[in-house]
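Chemist: Quick one: the structure is below, and I'll ask about it shortly.
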Amino acid sequence: MFCLKFPIGIHPDWIRQLGSEGLDSLKRSLLQVLAVRLHVPTRTPEQSYRFERATLDAVTRVLALMDTTNFLSTNRQEWERILRNEGVMAPLLSRIESKMVAWHVKKILSASKADAAVGKKPTWRA
């Protein structure tokens, strides 16, 4: 086990999943809830898919590099910079996209798992 020197805003449900199922399971659950949160009902299924897929691909690439300590200790502003790939010539997401996704990531992790997935499942997912 490890210890962080400061309190973090992650709901006990997510910590419990981390302890019982591991970090990879937690990352998959986060991506599933994020997909629901990114869905915009006024877009066509094709528009939703293109936007959500590109965003989720960027978040997946970032999550693949994170270990437990990095994942748990990253605050919203750091998520924004990471998702924007700040300082690198090939950005992952635009400034507004990274800001919105970072807000959703921290909002999801601070809520219970039951409350995190507010909204309906995207129509393009079976």
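To be explicit about the labels: the chains of the structure tokens are called A, B, and onward in the order shown, and within each one the residues are counted from 1, while ligands get numbers from 1 in the order they are shown.
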Extract, using only C-alpha atoms, all DNA, RNA and protein residues at most 8 Å from Val59 (chain A), discarding same-chain residues fewer than 4 positions from it, and format them as JSON, numbers by chain.
Modeler: {"A": [31, 55, 63, 83]}
Chemist: Which neighbours of Ile96 (chain A) fall inside 12 Å, counting only C-alpha atoms, when residues of the same chain fewer than 3 positions from it are skipped, and could you give them as an MDAnalysis selection string?
Modeler: chainID A and resid 55 80:81 83:84 92:93 99:103
Chemist: Write out as a list in words each polymer residue whose atoms come within 10 Å of Thr74 (chain A), counting only C-alpha atoms; drop sequence neighbours fewer than 6 positions from it.
Modeler: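 Listed by chain and then number, they are Ile8, Met66, Glu80, Ile82 and Lys106 of chain A.
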Chemist: Pick out the closest residue to Leu23 (chain A) from this set: A:Val40, A:Ala35, A:Ile108, A:Leu72. Count only C-alpha atoms.
Modeler: A:Leu72
